[in-house]
Amino acid sequence: MAARRRKNAGTSEAGTPGEGAVLPADLELQDLYGAFAAHGLDDDDLDDSAVLVPPVTLPPEAELAAQAKAVPMFGWALELARWTAPHRTVDEFGDLTDPDREPAARLLGLAPEEGEVSEEAVVEAMRAWSLACDLDLIEIGTTAAGEHVAVPGPDLEPAEEGDPETVLELWLTAAGIVRELAVEADSMPEPGHEGHGGHAGGEGGEDAEGSETSADEDEDDEGRLSEVEEARDEAAELLDEALQVLYETTAFAEPGGETVPLGVLAALLVVPEGEEPSEELLGDITDVMVALDPMLADLAELGLLDYRPIDPDLFDEEEGEAAAPEADTEEPLDEAESARFGLVRLTPLGQYGIRQWLLEDGYDAPLVGDLAGGDAAALLSGISEAANVLPEEELRVWITDRDPVEAARELLAAARGHDAYAPMRRMLCHSALTMLGGPAEPAVREVLDDPELGGGARTWLVSLGAADVPAPERAMALWTVVDAFAAQLLDSGGDPEQLRELITDLPVTGNPASYFGELWRVDHPYTADVLEAVGELHLDRTVAKEARKAAFKARSKG
């Protein structure tokens, strides 16, 4: 699977997925890393077209394996493989013989034990048989007497016993097969498209124009093949983009909010961010919905998705009334009516499968908690340096079941430093201390006189309600202002709107020259950067001018 960017252009503040949110795949690395460049954290070796995949939370592998075995098509493949023991006669193509096809459908519960077996039931049983053969759960061989037989494959027993590694590897292979078949089916020519018999030539090749006709047929065949290949590539790209969006949306969704209307999914793929869909784009949204519908339905059969397909009756209704629900702005559709246009939810198995495909293609697709397995130093450094991470989740996982005082001491020790990421570590430390709450207070009081931690420690204790916190010395207070602003500068990637809010809170008095005259002397690696940001973004021209002058002095000082 190749993760791809959607058509959303530019950046904006993140919101709820499906409502103009900027997901990681929409952001240029320059936007995410820009604030680091001035401090030696060069991103020249990073690919600007790279996709930043958000971290997800997955159930344990044993639970995922149990979910995989519960998928009907996958379970049927296991049942048929066991049914072949010790061996079962098949035809020369490895398919079940006619006498075995109806019993196979009955075995899988697709038909009653007695009575007529429908053609649909036989077709489903044969699909499950084909899948079992593709997964090597069933192996085909020939006896010495020339009889074609099927026997259980070596993976059947561990799969039946629920070995997570075996089950998930088999399921992932099955999911890949179904994904490829879904794309192939979507790229097939429309019914009625002329095939090889569409040209009338002379009988027996005796026509004087036979050679020319044959050449025309070859050209037409090549043209049709090229069209099919192009259609297949387009279908594969569309499906990959849709799965990526679903993966991202699920990662950011609140529990219970993972379901996405098919129209919303299509709009995320079609409409550039910040734009309202035009009539033309509404038509494109409908086309994408119709194209995705059968492919998503196929993936749902293997448990990647929970999918409610488009109601086929919609296609029989008057054209324009139901083609694109987004077009009706006068009276919004109710929940039941909206669901007729399709609903899709990525399952935990689907998250697992897409993540594996991304990893196989070389993408960094982390799990929530990946950074929480080490000590506090590794935790804070990892969060600070990672572009695709959910900081609060990593911090929450790390502090769980730890002694609050010892955890706070370890975090505070890891927050010290003058390197480029140090302000971020201190900001993250403050967040973790807030999660720990009052029980961490003894450890925080131990660093009140620390030149790097004391200012933040005082702020944290005051926010906790402590009344006996001594005011910091002037030098510590100014250093803490620069450090806190630097952390936000790094965390926001230089976003002007976020920074402007912080700038308005700076304790600039009626004499900005005096204030900045103190601030530029602060011995902090980000002093000049902070002053330059204030000079560029502050709405008061006098304050901005003094900040720029102070920034120049700070640069000259070095």
# chains A, B, ... in the order shown; residues from 1 in each chain; ligands from 1

$ residues_around --residues "A:Leu304" --least-positions-apart "4" --cutoff "12 Å" --atoms "only C-alpha atoms" --output "PyMOL selection string"
chain A and resi 64+67-68+71+74+171-172+174-176+178-179+243+246-247+295-300+344-355

$ residues_around --residues "A:Asp468" --least-positions-apart "3" --cutoff "12 Å" --atoms "only C-alpha atoms" --output "NGL selection string"
:A and (445 or 448 or 458 or 461-462 or 464-465 or 471)

$ write_last_selection --atoms "C-alpha atoms" --output "PDB file, in the first residue's frame"
ATOM      1  CA  ARG A 445       9.179  21.664  45.494  1.00  0.00           C
ATOM      2  CA  LEU A 448      12.174  25.570  43.201  1.00  0.00           C
ATOM      3  CA  ARG A 458       6.454  27.873  40.815  1.00  0.00           C
ATOM      4  CA  LEU A 461       2.411  24.972  42.304  1.00  0.00           C
ATOM      5  CA  VAL A 462       0.379  28.192  42.039  1.00  0.00           C
ATOM      6  CA  LEU A 464      -2.350  23.733  42.074  1.00  0.00           C
ATOM      7  CA  GLY A 465      -3.537  26.268  44.652  1.00  0.00           C
ATOM      8  CA  ALA A 471       8.112  34.736  43.806  1.00  0.00           C
TER       9      ALA A 471
END

$ select_by_dssp --residues "stretch 228-374 of chain A" --states "helix (DSSP H, G or I)" --output "VMD selection string"
chain A and resid 228 to 252 262 to 270 279 to 300 312 to 316 325 to 327 335 to 339 348 to 360 370 to 373

$ residues_around --residues "A:Ser463" --least-positions-apart "4" --cutoff "12 Å" --atoms "only C-alpha atoms" --output "CSV table (one decimal) with all heavy atoms, in the first residue's frame"
chain,number,residue,atom,x,y,z
A,430,HIS,N,5.9,19.7,32.2
A,430,HIS,CA,4.8,20.4,32.9
A,430,HIS,C,3.4,19.7,32.6
A,430,HIS,O,2.6,19.6,33.6
A,430,HIS,CB,4.8,21.9,32.4
A,430,HIS,CG,3.8,22.7,33.1
A,430,HIS,ND1,4.3,23.6,34.2
A,430,HIS,CD2,2.5,22.9,33.0
A,430,HIS,CE1,3.2,24.2,34.7
A,430,HIS,NE2,2.1,23.9,34.0
A,433,LEU,N,3.3,16.6,34.7
A,433,LEU,CA,3.1,16.9,36.1
A,433,LEU,C,1.6,17.2,36.4
A,433,LEU,O,1.1,16.9,37.5
A,433,LEU,CB,4.0,18.0,36.5
A,433,LEU,CG,5.5,17.8,36.6
A,433,LEU,CD1,6.3,19.1,36.8
A,433,LEU,CD2,5.8,16.7,37.6
A,434,THR,N,1.0,17.9,35.5
A,434,THR,CA,-0.4,18.3,35.6
A,434,THR,C,-1.2,17.0,35.7
A,434,THR,O,-2.2,16.9,36.4
A,434,THR,CB,-0.8,19.2,34.5
A,434,THR,OG1,-0.1,20.4,34.5
A,434,THR,CG2,-2.3,19.5,34.6
A,437,GLY,N,-0.8,15.5,39.1
A,437,GLY,CA,-1.5,16.2,40.1
A,437,GLY,C,-0.8,16.4,41.4
A,437,GLY,O,0.4,16.3,41.5
A,438,GLY,N,-1.6,16.6,42.4
A,438,GLY,CA,-1.1,16.9,43.8
A,438,GLY,C,-0.1,16.0,44.3
A,438,GLY,O,0.9,16.4,45.0
A,441,GLU,N,3.6,16.9,44.2
A,441,GLU,CA,4.1,18.2,44.7
A,441,GLU,C,5.5,18.1,45.4
A,441,GLU,O,6.3,19.0,45.3
A,441,GLU,CB,3.0,18.7,45.7
A,441,GLU,CG,3.4,20.1,46.3
A,441,GLU,CD,2.3,20.7,47.1
A,441,GLU,OE1,1.2,20.2,47.0
A,441,GLU,OE2,2.6,21.7,47.8
A,456,GLY,N,9.1,27.3,36.2
A,456,GLY,CA,7.9,26.5,35.8
A,456,GLY,C,7.4,25.8,37.0
A,456,GLY,O,6.2,25.5,37.1
A,457,ALA,N,8.2,25.4,38.0
A,457,ALA,CA,7.8,24.7,39.2
A,457,ALA,C,6.9,25.6,40.0
A,457,ALA,O,5.8,25.2,40.5
A,457,ALA,CB,9.0,24.3,40.0
A,458,ARG,N,7.3,26.9,40.1
A,458,ARG,CA,6.5,27.9,40.8
A,458,ARG,C,5.1,28.0,40.1
A,458,ARG,O,4.0,28.1,40.8
A,458,ARG,CB,7.2,29.2,40.9
A,458,ARG,CG,8.3,29.2,41.9
A,458,ARG,CD,9.2,30.5,41.7
A,458,ARG,NE,10.1,30.7,42.9
A,458,ARG,CZ,11.2,30.1,43.1
A,458,ARG,NH1,11.6,29.1,42.3
A,458,ARG,NH2,11.9,30.3,44.2
A,459,THR,N,5.1,28.2,38.8
A,459,THR,CA,3.8,28.3,38.1
A,459,THR,C,2.9,27.1,38.3
A,459,THR,O,1.7,27.3,38.5
A,459,THR,CB,4.1,28.5,36.6
A,459,THR,OG1,4.9,29.6,36.4
A,459,THR,CG2,2.8,28.6,35.8
A,467,ALA,N,-0.3,28.4,48.3
A,467,ALA,CA,-0.2,29.8,48.7
A,467,ALA,C,1.1,30.2,49.2
A,467,ALA,O,1.4,31.4,49.5
A,467,ALA,CB,-1.3,30.1,49.7
A,469,VAL,N,4.2,29.8,47.8
A,469,VAL,CA,5.2,29.8,46.8
A,469,VAL,C,5.9,31.1,46.7
A,469,VAL,O,5.3,32.1,46.4
A,469,VAL,CB,4.6,29.4,45.4
A,469,VAL,CG1,5.6,29.3,44.4
A,469,VAL,CG2,3.8,28.1,45.5

$ residues_around --residues "A:Arg127" --least-positions-apart "5" --cutoff "9 Å" --atoms "only C-alpha atoms" --output "PyMOL selection string"
chain A and resi 73+77+122+132

$ write_last_selection --atoms "N, CA and C atoms" --output "PDB file, in the first residue's frame"
ATOM      1  N   MET A  73     -15.775 -15.244   5.955  1.00  0.00           N
ATOM      2  CA  MET A  73     -15.043 -15.774   4.806  1.00  0.00           C
ATOM      3  C   MET A  73     -13.745 -16.440   5.235  1.00  0.00           C
ATOM      4  N   ALA A  77     -12.781 -20.572   5.111  1.00  0.00           N
ATOM      5  CA  ALA A  77     -11.567 -21.123   4.508  1.00  0.00           C
ATOM      6  C   ALA A  77     -10.925 -22.133   5.450  1.00  0.00           C
ATOM      7  N   VAL A 122     -23.524 -22.118  -3.418  1.00  0.00           N
ATOM      8  CA  VAL A 122     -22.399 -22.834  -4.022  1.00  0.00           C
ATOM      9  C   VAL A 122     -21.298 -21.859  -4.424  1.00  0.00           C
ATOM     10  N   ALA A 132      -8.985 -20.379   0.524  1.00  0.00           N
ATOM     11  CA  ALA A 132      -8.199 -21.343   1.293  1.00  0.00           C
ATOM     12  C   ALA A 132      -7.005 -21.849   0.484  1.00  0.00           C
TER      13      ALA A 132
END

$ atom_distance --atom1 "atom CA of A:Ser556" --atom2 "atom CA of A:Gln488"
24.1 Å

$ select_by_dssp --residues "stretch 87-159 of chain A" --states "strand (DSSP E or B)" --output "VMD selection string"
chain A and resid 88 to 90 96 138 to 142 148 to 152

$ residues_around --residues "A:Ala528" --least-positions-apart "4" --cutoff "8 Å" --atoms "only C-alpha atoms" --output "PyMOL selection string"
chain A and resi 520+532+550-552+554-555

$ write_last_selection --atoms "N, CA, C and O atoms" --output "PDB file, in the first residue's frame"
ATOM      1  N   TRP A 520      16.565  40.827  26.084  1.00  0.00           N
ATOM      2  CA  TRP A 520      17.566  40.393  25.100  1.00  0.00           C
ATOM      3  C   TRP A 520      18.847  39.909  25.771  1.00  0.00           C
ATOM      4  O   TRP A 520      19.660  39.207  25.168  1.00  0.00           O
ATOM      5  N   GLU A 532      12.392  37.921  17.778  1.00  0.00           N
ATOM      6  CA  GLU A 532      12.054  38.110  16.369  1.00  0.00           C
ATOM      7  C   GLU A 532      10.587  37.782  16.106  1.00  0.00           C
ATOM      8  O   GLU A 532       9.905  38.465  15.331  1.00  0.00           O
ATOM      9  N   ALA A 550      15.617  44.590  19.987  1.00  0.00           N
ATOM     10  CA  ALA A 550      16.183  43.688  21.001  1.00  0.00           C
ATOM     11  C   ALA A 550      16.685  42.399  20.358  1.00  0.00           C
ATOM     12  O   ALA A 550      17.722  41.852  20.763  1.00  0.00           O
ATOM     13  N   ALA A 551      15.975  41.911  19.349  1.00  0.00           N
ATOM     14  CA  ALA A 551      16.401  40.685  18.663  1.00  0.00           C
ATOM     15  C   ALA A 551      17.746  40.896  17.984  1.00  0.00           C
ATOM     16  O   ALA A 551      18.623  40.011  18.011  1.00  0.00           O
ATOM     17  N   PHE A 552      17.918  42.075  17.369  1.00  0.00           N
ATOM     18  CA  PHE A 552      19.193  42.381  16.725  1.00  0.00           C
ATOM     19  C   PHE A 552      20.328  42.394  17.756  1.00  0.00           C
ATOM     20  O   PHE A 552      21.421  41.862  17.500  1.00  0.00           O
ATOM     21  N   ALA A 554      20.371  40.753  20.561  1.00  0.00           N
ATOM     22  CA  ALA A 554      20.591  39.373  21.019  1.00  0.00           C
ATOM     23  C   ALA A 554      21.442  38.601  20.015  1.00  0.00           C
ATOM     24  O   ALA A 554      22.319  37.816  20.405  1.00  0.00           O
ATOM     25  N   ARG A 555      21.180  38.822  18.730  1.00  0.00           N
ATOM     26  CA  ARG A 555      21.984  38.155  17.702  1.00  0.00           C
ATOM     27  C   ARG A 555      23.427  38.667  17.751  1.00  0.00           C
ATOM     28  O   ARG A 555      24.374  37.891  17.622  1.00  0.00           O
TER      29      ARG A 555
END

$ residues_around --residues "A:Leu519" --least-positions-apart "3" --cutoff "10 Å" --atoms "only C-alpha atoms" --output "mmCIF file with all heavy atoms, in the first residue's frame"
data_model
loop_
_atom_site.group_PDB
_atom_site.id
_atom_site.type_symbol
_atom_site.label_atom_id
_atom_site.label_comp_id
_atom_site.auth_asym_id
_atom_site.auth_seq_id
_atom_site.Cartn_x
_atom_site.Cartn_y
_atom_site.Cartn_z
ATOM 1 N N ALA A 475 15.764 37.367 37.175
ATOM 2 C CA ALA A 475 16.483 36.625 36.137
ATOM 3 C C ALA A 475 15.774 35.314 35.823
ATOM 4 O O ALA A 475 15.644 34.926 34.650
ATOM 5 C CB ALA A 475 17.919 36.364 36.571
ATOM 6 N N LEU A 478 12.453 36.037 33.824
ATOM 7 C CA LEU A 478 12.677 36.360 32.413
ATOM 8 C C LEU A 478 13.114 35.122 31.624
ATOM 9 O O LEU A 478 12.679 34.912 30.476
ATOM 10 C CB LEU A 478 13.721 37.474 32.293
ATOM 11 C CG LEU A 478 13.288 38.858 32.802
ATOM 12 C CD1 LEU A 478 14.479 39.812 32.798
ATOM 13 C CD2 LEU A 478 12.156 39.415 31.943
ATOM 14 N N TRP A 479 13.985 34.313 32.207
ATOM 15 C CA TRP A 479 14.442 33.106 31.530
ATOM 16 C C TRP A 479 13.260 32.168 31.273
ATOM 17 O O TRP A 479 13.144 31.566 30.200
ATOM 18 C CB TRP A 479 15.499 32.405 32.383
ATOM 19 C CG TRP A 479 16.249 31.323 31.653
ATOM 20 C CD1 TRP A 479 17.433 31.433 31.005
ATOM 21 C CD2 TRP A 479 15.846 29.938 31.523
ATOM 22 N NE1 TRP A 479 17.804 30.234 30.465
ATOM 23 C CE2 TRP A 479 16.844 29.282 30.760
ATOM 24 C CE3 TRP A 479 14.757 29.193 31.956
ATOM 25 C CZ2 TRP A 479 16.788 27.942 30.444
ATOM 26 C CZ3 TRP A 479 14.683 27.843 31.629
ATOM 27 C CH2 TRP A 479 15.689 27.229 30.883
ATOM 28 N N VAL A 481 10.108 33.027 30.894
ATOM 29 C CA VAL A 481 9.282 33.596 29.820
ATOM 30 C C VAL A 481 9.834 33.185 28.461
ATOM 31 O O VAL A 481 9.102 32.725 27.577
ATOM 32 C CB VAL A 481 9.226 35.135 29.942
ATOM 33 C CG1 VAL A 481 8.655 35.746 28.658
ATOM 34 C CG2 VAL A 481 8.381 35.553 31.131
ATOM 35 N N VAL A 482 11.146 33.347 28.273
ATOM 36 C CA VAL A 482 11.766 32.977 26.994
ATOM 37 C C VAL A 482 11.618 31.480 26.746
ATOM 38 O O VAL A 482 11.275 31.046 25.633
ATOM 39 C CB VAL A 482 13.255 33.377 26.976
ATOM 40 C CG1 VAL A 482 13.944 32.845 25.715
ATOM 41 C CG2 VAL A 482 13.397 34.894 27.053
ATOM 42 N N ALA A 513 10.615 49.350 25.775
ATOM 43 C CA ALA A 513 12.064 49.428 25.587
ATOM 44 C C ALA A 513 12.779 48.890 26.825
ATOM 45 O O ALA A 513 13.798 48.199 26.722
ATOM 46 C CB ALA A 513 12.478 50.869 25.306
ATOM 47 N N SER A 514 12.267 49.200 27.994
ATOM 48 C CA SER A 514 12.866 48.725 29.230
ATOM 49 C C SER A 514 12.723 47.208 29.359
ATOM 50 O O SER A 514 13.673 46.499 29.714
ATOM 51 C CB SER A 514 12.216 49.425 30.429
ATOM 52 O OG SER A 514 12.702 48.896 31.643
ATOM 53 N N TYR A 515 11.506 46.725 29.044
ATOM 54 C CA TYR A 515 11.259 45.281 29.177
ATOM 55 C C TYR A 515 12.153 44.487 28.225
ATOM 56 O O TYR A 515 12.831 43.541 28.623
ATOM 57 C CB TYR A 515 9.782 44.983 28.899
ATOM 58 C CG TYR A 515 9.429 43.517 29.010
ATOM 59 C CD1 TYR A 515 9.324 42.894 30.240
ATOM 60 C CD2 TYR A 515 9.212 42.750 27.865
ATOM 61 C CE1 TYR A 515 9.009 41.553 30.335
ATOM 62 C CE2 TYR A 515 8.896 41.408 27.947
ATOM 63 C CZ TYR A 515 8.800 40.814 29.193
ATOM 64 O OH TYR A 515 8.499 39.482 29.287
ATOM 65 N N PHE A 516 12.157 44.866 26.969
ATOM 66 C CA PHE A 516 12.971 44.139 26.002
ATOM 67 C C PHE A 516 14.458 44.400 26.223
ATOM 68 O O PHE A 516 15.302 43.588 25.823
ATOM 69 C CB PHE A 516 12.559 44.512 24.574
ATOM 70 C CG PHE A 516 11.206 43.992 24.199
ATOM 71 C CD1 PHE A 516 10.195 44.854 23.810
ATOM 72 C CD2 PHE A 516 10.922 42.642 24.252
ATOM 73 C CE1 PHE A 516 8.937 44.380 23.467
ATOM 74 C CE2 PHE A 516 9.665 42.145 23.925
ATOM 75 C CZ PHE A 516 8.664 43.028 23.533
ATOM 76 N N VAL A 522 18.875 37.845 28.303
ATOM 77 C CA VAL A 522 18.645 36.521 28.880
ATOM 78 C C VAL A 522 19.510 35.489 28.166
ATOM 79 O O VAL A 522 19.524 35.408 26.929
ATOM 80 C CB VAL A 522 17.154 36.134 28.774
ATOM 81 C CG1 VAL A 522 16.952 34.676 29.176
ATOM 82 C CG2 VAL A 522 16.312 37.047 29.657
ATOM 83 N N ASP A 523 20.228 34.710 28.948
ATOM 84 C CA ASP A 523 21.133 33.690 28.397
ATOM 85 C C ASP A 523 20.343 32.416 28.099
ATOM 86 O O ASP A 523 20.293 31.479 28.897
ATOM 87 C CB ASP A 523 22.261 33.409 29.398
ATOM 88 C CG ASP A 523 23.302 32.453 28.820
ATOM 89 O OD1 ASP A 523 23.325 32.294 27.580
ATOM 90 O OD2 ASP A 523 24.067 31.864 29.606
ATOM 91 N N HIS A 524 19.695 32.421 26.945
ATOM 92 C CA HIS A 524 18.869 31.276 26.522
ATOM 93 C C HIS A 524 19.091 31.102 25.023
ATOM 94 O O HIS A 524 19.142 32.085 24.277
ATOM 95 C CB HIS A 524 17.398 31.549 26.815
ATOM 96 C CG HIS A 524 16.510 30.353 26.642
ATOM 97 N ND1 HIS A 524 16.214 29.805 25.412
ATOM 98 C CD2 HIS A 524 15.840 29.587 27.559
ATOM 99 C CE1 HIS A 524 15.405 28.770 25.569
ATOM 100 N NE2 HIS A 524 15.161 28.614 26.866
ATOM 101 N N THR A 527 16.547 33.061 22.755
ATOM 102 C CA THR A 527 16.176 34.452 23.044
ATOM 103 C C THR A 527 15.937 35.256 21.774
ATOM 104 O O THR A 527 14.904 35.937 21.628
ATOM 105 C CB THR A 527 17.266 35.129 23.892
ATOM 106 O OG1 THR A 527 17.374 34.457 25.142
ATOM 107 C CG2 THR A 527 16.909 36.585 24.155
ATOM 108 N N ALA A 528 16.856 35.198 20.830
ATOM 109 C CA ALA A 528 16.717 35.975 19.598
ATOM 110 C C ALA A 528 15.499 35.525 18.791
ATOM 111 O O ALA A 528 14.779 36.359 18.218
ATOM 112 C CB ALA A 528 17.986 35.865 18.763
ATOM 113 N N VAL A 530 12.709 34.223 19.902
ATOM 114 C CA VAL A 530 11.497 34.690 20.571
ATOM 115 C C VAL A 530 11.272 36.168 20.281
ATOM 116 O O VAL A 530 10.164 36.597 19.941
ATOM 117 C CB VAL A 530 11.582 34.420 22.084
ATOM 118 C CG1 VAL A 530 10.466 35.153 22.827
ATOM 119 C CG2 VAL A 530 11.528 32.923 22.363
ATOM 120 N N LEU A 531 12.338 36.959 20.400
ATOM 121 C CA LEU A 531 12.205 38.390 20.153
ATOM 122 C C LEU A 531 11.842 38.674 18.699
ATOM 123 O O LEU A 531 11.046 39.582 18.405
ATOM 124 C CB LEU A 531 13.507 39.103 20.531
ATOM 125 C CG LEU A 531 13.808 39.158 22.034
ATOM 126 C CD1 LEU A 531 15.230 39.636 22.275
ATOM 127 C CD2 LEU A 531 12.808 40.064 22.747
ATOM 128 N N ALA A 547 10.912 45.079 20.048
ATOM 129 C CA ALA A 547 11.266 43.657 20.035
ATOM 130 C C ALA A 547 12.276 43.363 18.931
ATOM 131 O O ALA A 547 13.224 42.582 19.129
ATOM 132 C CB ALA A 547 10.013 42.803 19.863
ATOM 133 N N ALA A 550 15.617 44.590 19.987
ATOM 134 C CA ALA A 550 16.183 43.688 21.001
ATOM 135 C C ALA A 550 16.685 42.399 20.358
ATOM 136 O O ALA A 550 17.722 41.852 20.763
ATOM 137 C CB ALA A 550 15.133 43.382 22.065
ATOM 138 N N ALA A 551 15.975 41.911 19.349
ATOM 139 C CA ALA A 551 16.401 40.685 18.663
ATOM 140 C C ALA A 551 17.746 40.896 17.984
ATOM 141 O O ALA A 551 18.623 40.011 18.011
ATOM 142 C CB ALA A 551 15.350 40.265 17.634
ATOM 143 N N ALA A 554 20.371 40.753 20.561
ATOM 144 C CA ALA A 554 20.591 39.373 21.019
ATOM 145 C C ALA A 554 21.442 38.601 20.015
ATOM 146 O O ALA A 554 22.319 37.816 20.405
ATOM 147 C CB ALA A 554 19.251 38.680 21.232
#

$ atom_distance --atom1 "atom CA of A:Glu116" --atom2 "atom CA of A:Leu96"
18.6 Å

$ residues_around --residues "A:Leu156" --least-positions-apart "5" --cutoff "8 Å" --atoms "only C-alpha atoms" --output "ChimeraX atom specification"
/A:78,81-82,137

$ write_last_selection --atoms "all heavy atoms" --output "CSV table (one decimal), in the first residue's frame"
chain,number,residue,atom,x,y,z
A,78,LEU,N,-10.9,-21.8,6.8
A,78,LEU,CA,-10.4,-22.8,7.7
A,78,LEU,C,-11.2,-24.1,7.8
A,78,LEU,O,-10.6,-25.2,7.8
A,78,LEU,CB,-10.3,-22.1,9.1
A,78,LEU,CG,-9.3,-21.0,9.3
A,78,LEU,CD1,-9.5,-20.3,10.7
A,78,LEU,CD2,-7.9,-21.5,9.2
A,81,ALA,N,-10.5,-26.2,4.8
A,81,ALA,CA,-9.2,-26.9,4.8
A,81,ALA,C,-9.3,-28.1,5.7
A,81,ALA,O,-8.7,-29.1,5.4
A,81,ALA,CB,-8.2,-25.8,5.3
A,82,ARG,N,-10.0,-28.0,6.9
A,82,ARG,CA,-10.1,-29.1,7.8
A,82,ARG,C,-10.9,-30.2,7.1
A,82,ARG,O,-10.6,-31.4,7.3
A,82,ARG,CB,-10.7,-28.7,9.1
A,82,ARG,CG,-11.1,-29.8,10.0
A,82,ARG,CD,-9.9,-30.7,10.4
A,82,ARG,NE,-8.8,-29.9,11.0
A,82,ARG,CZ,-7.5,-30.3,11.0
A,82,ARG,NH1,-7.2,-31.4,10.5
A,82,ARG,NH2,-6.6,-29.5,11.6
A,137,LEU,N,-3.8,-22.9,2.9
A,137,LEU,CA,-4.5,-23.7,3.9
A,137,LEU,C,-4.9,-25.0,3.3
A,137,LEU,O,-5.0,-26.0,4.0
A,137,LEU,CB,-5.7,-23.0,4.5
A,137,LEU,CG,-5.5,-21.8,5.3
A,137,LEU,CD1,-6.7,-21.0,5.5
A,137,LEU,CD2,-4.9,-22.2,6.7

$ closest_atom_pairs --of "stretch 335-385 of chain A" --to "stretch 52-60 of chain A" --cutoff "6 Å" --atoms "only C-alpha atoms" --output "CSV"
residue,atom,partner,partner_atom,distance
A:Ala365,CA,A:Val53,CA,5.4
A:Pro366,CA,A:Pro55,CA,4.7
A:Leu367,CA,A:Pro55,CA,4.8
A:Val368,CA,A:Thr57,CA,5.4
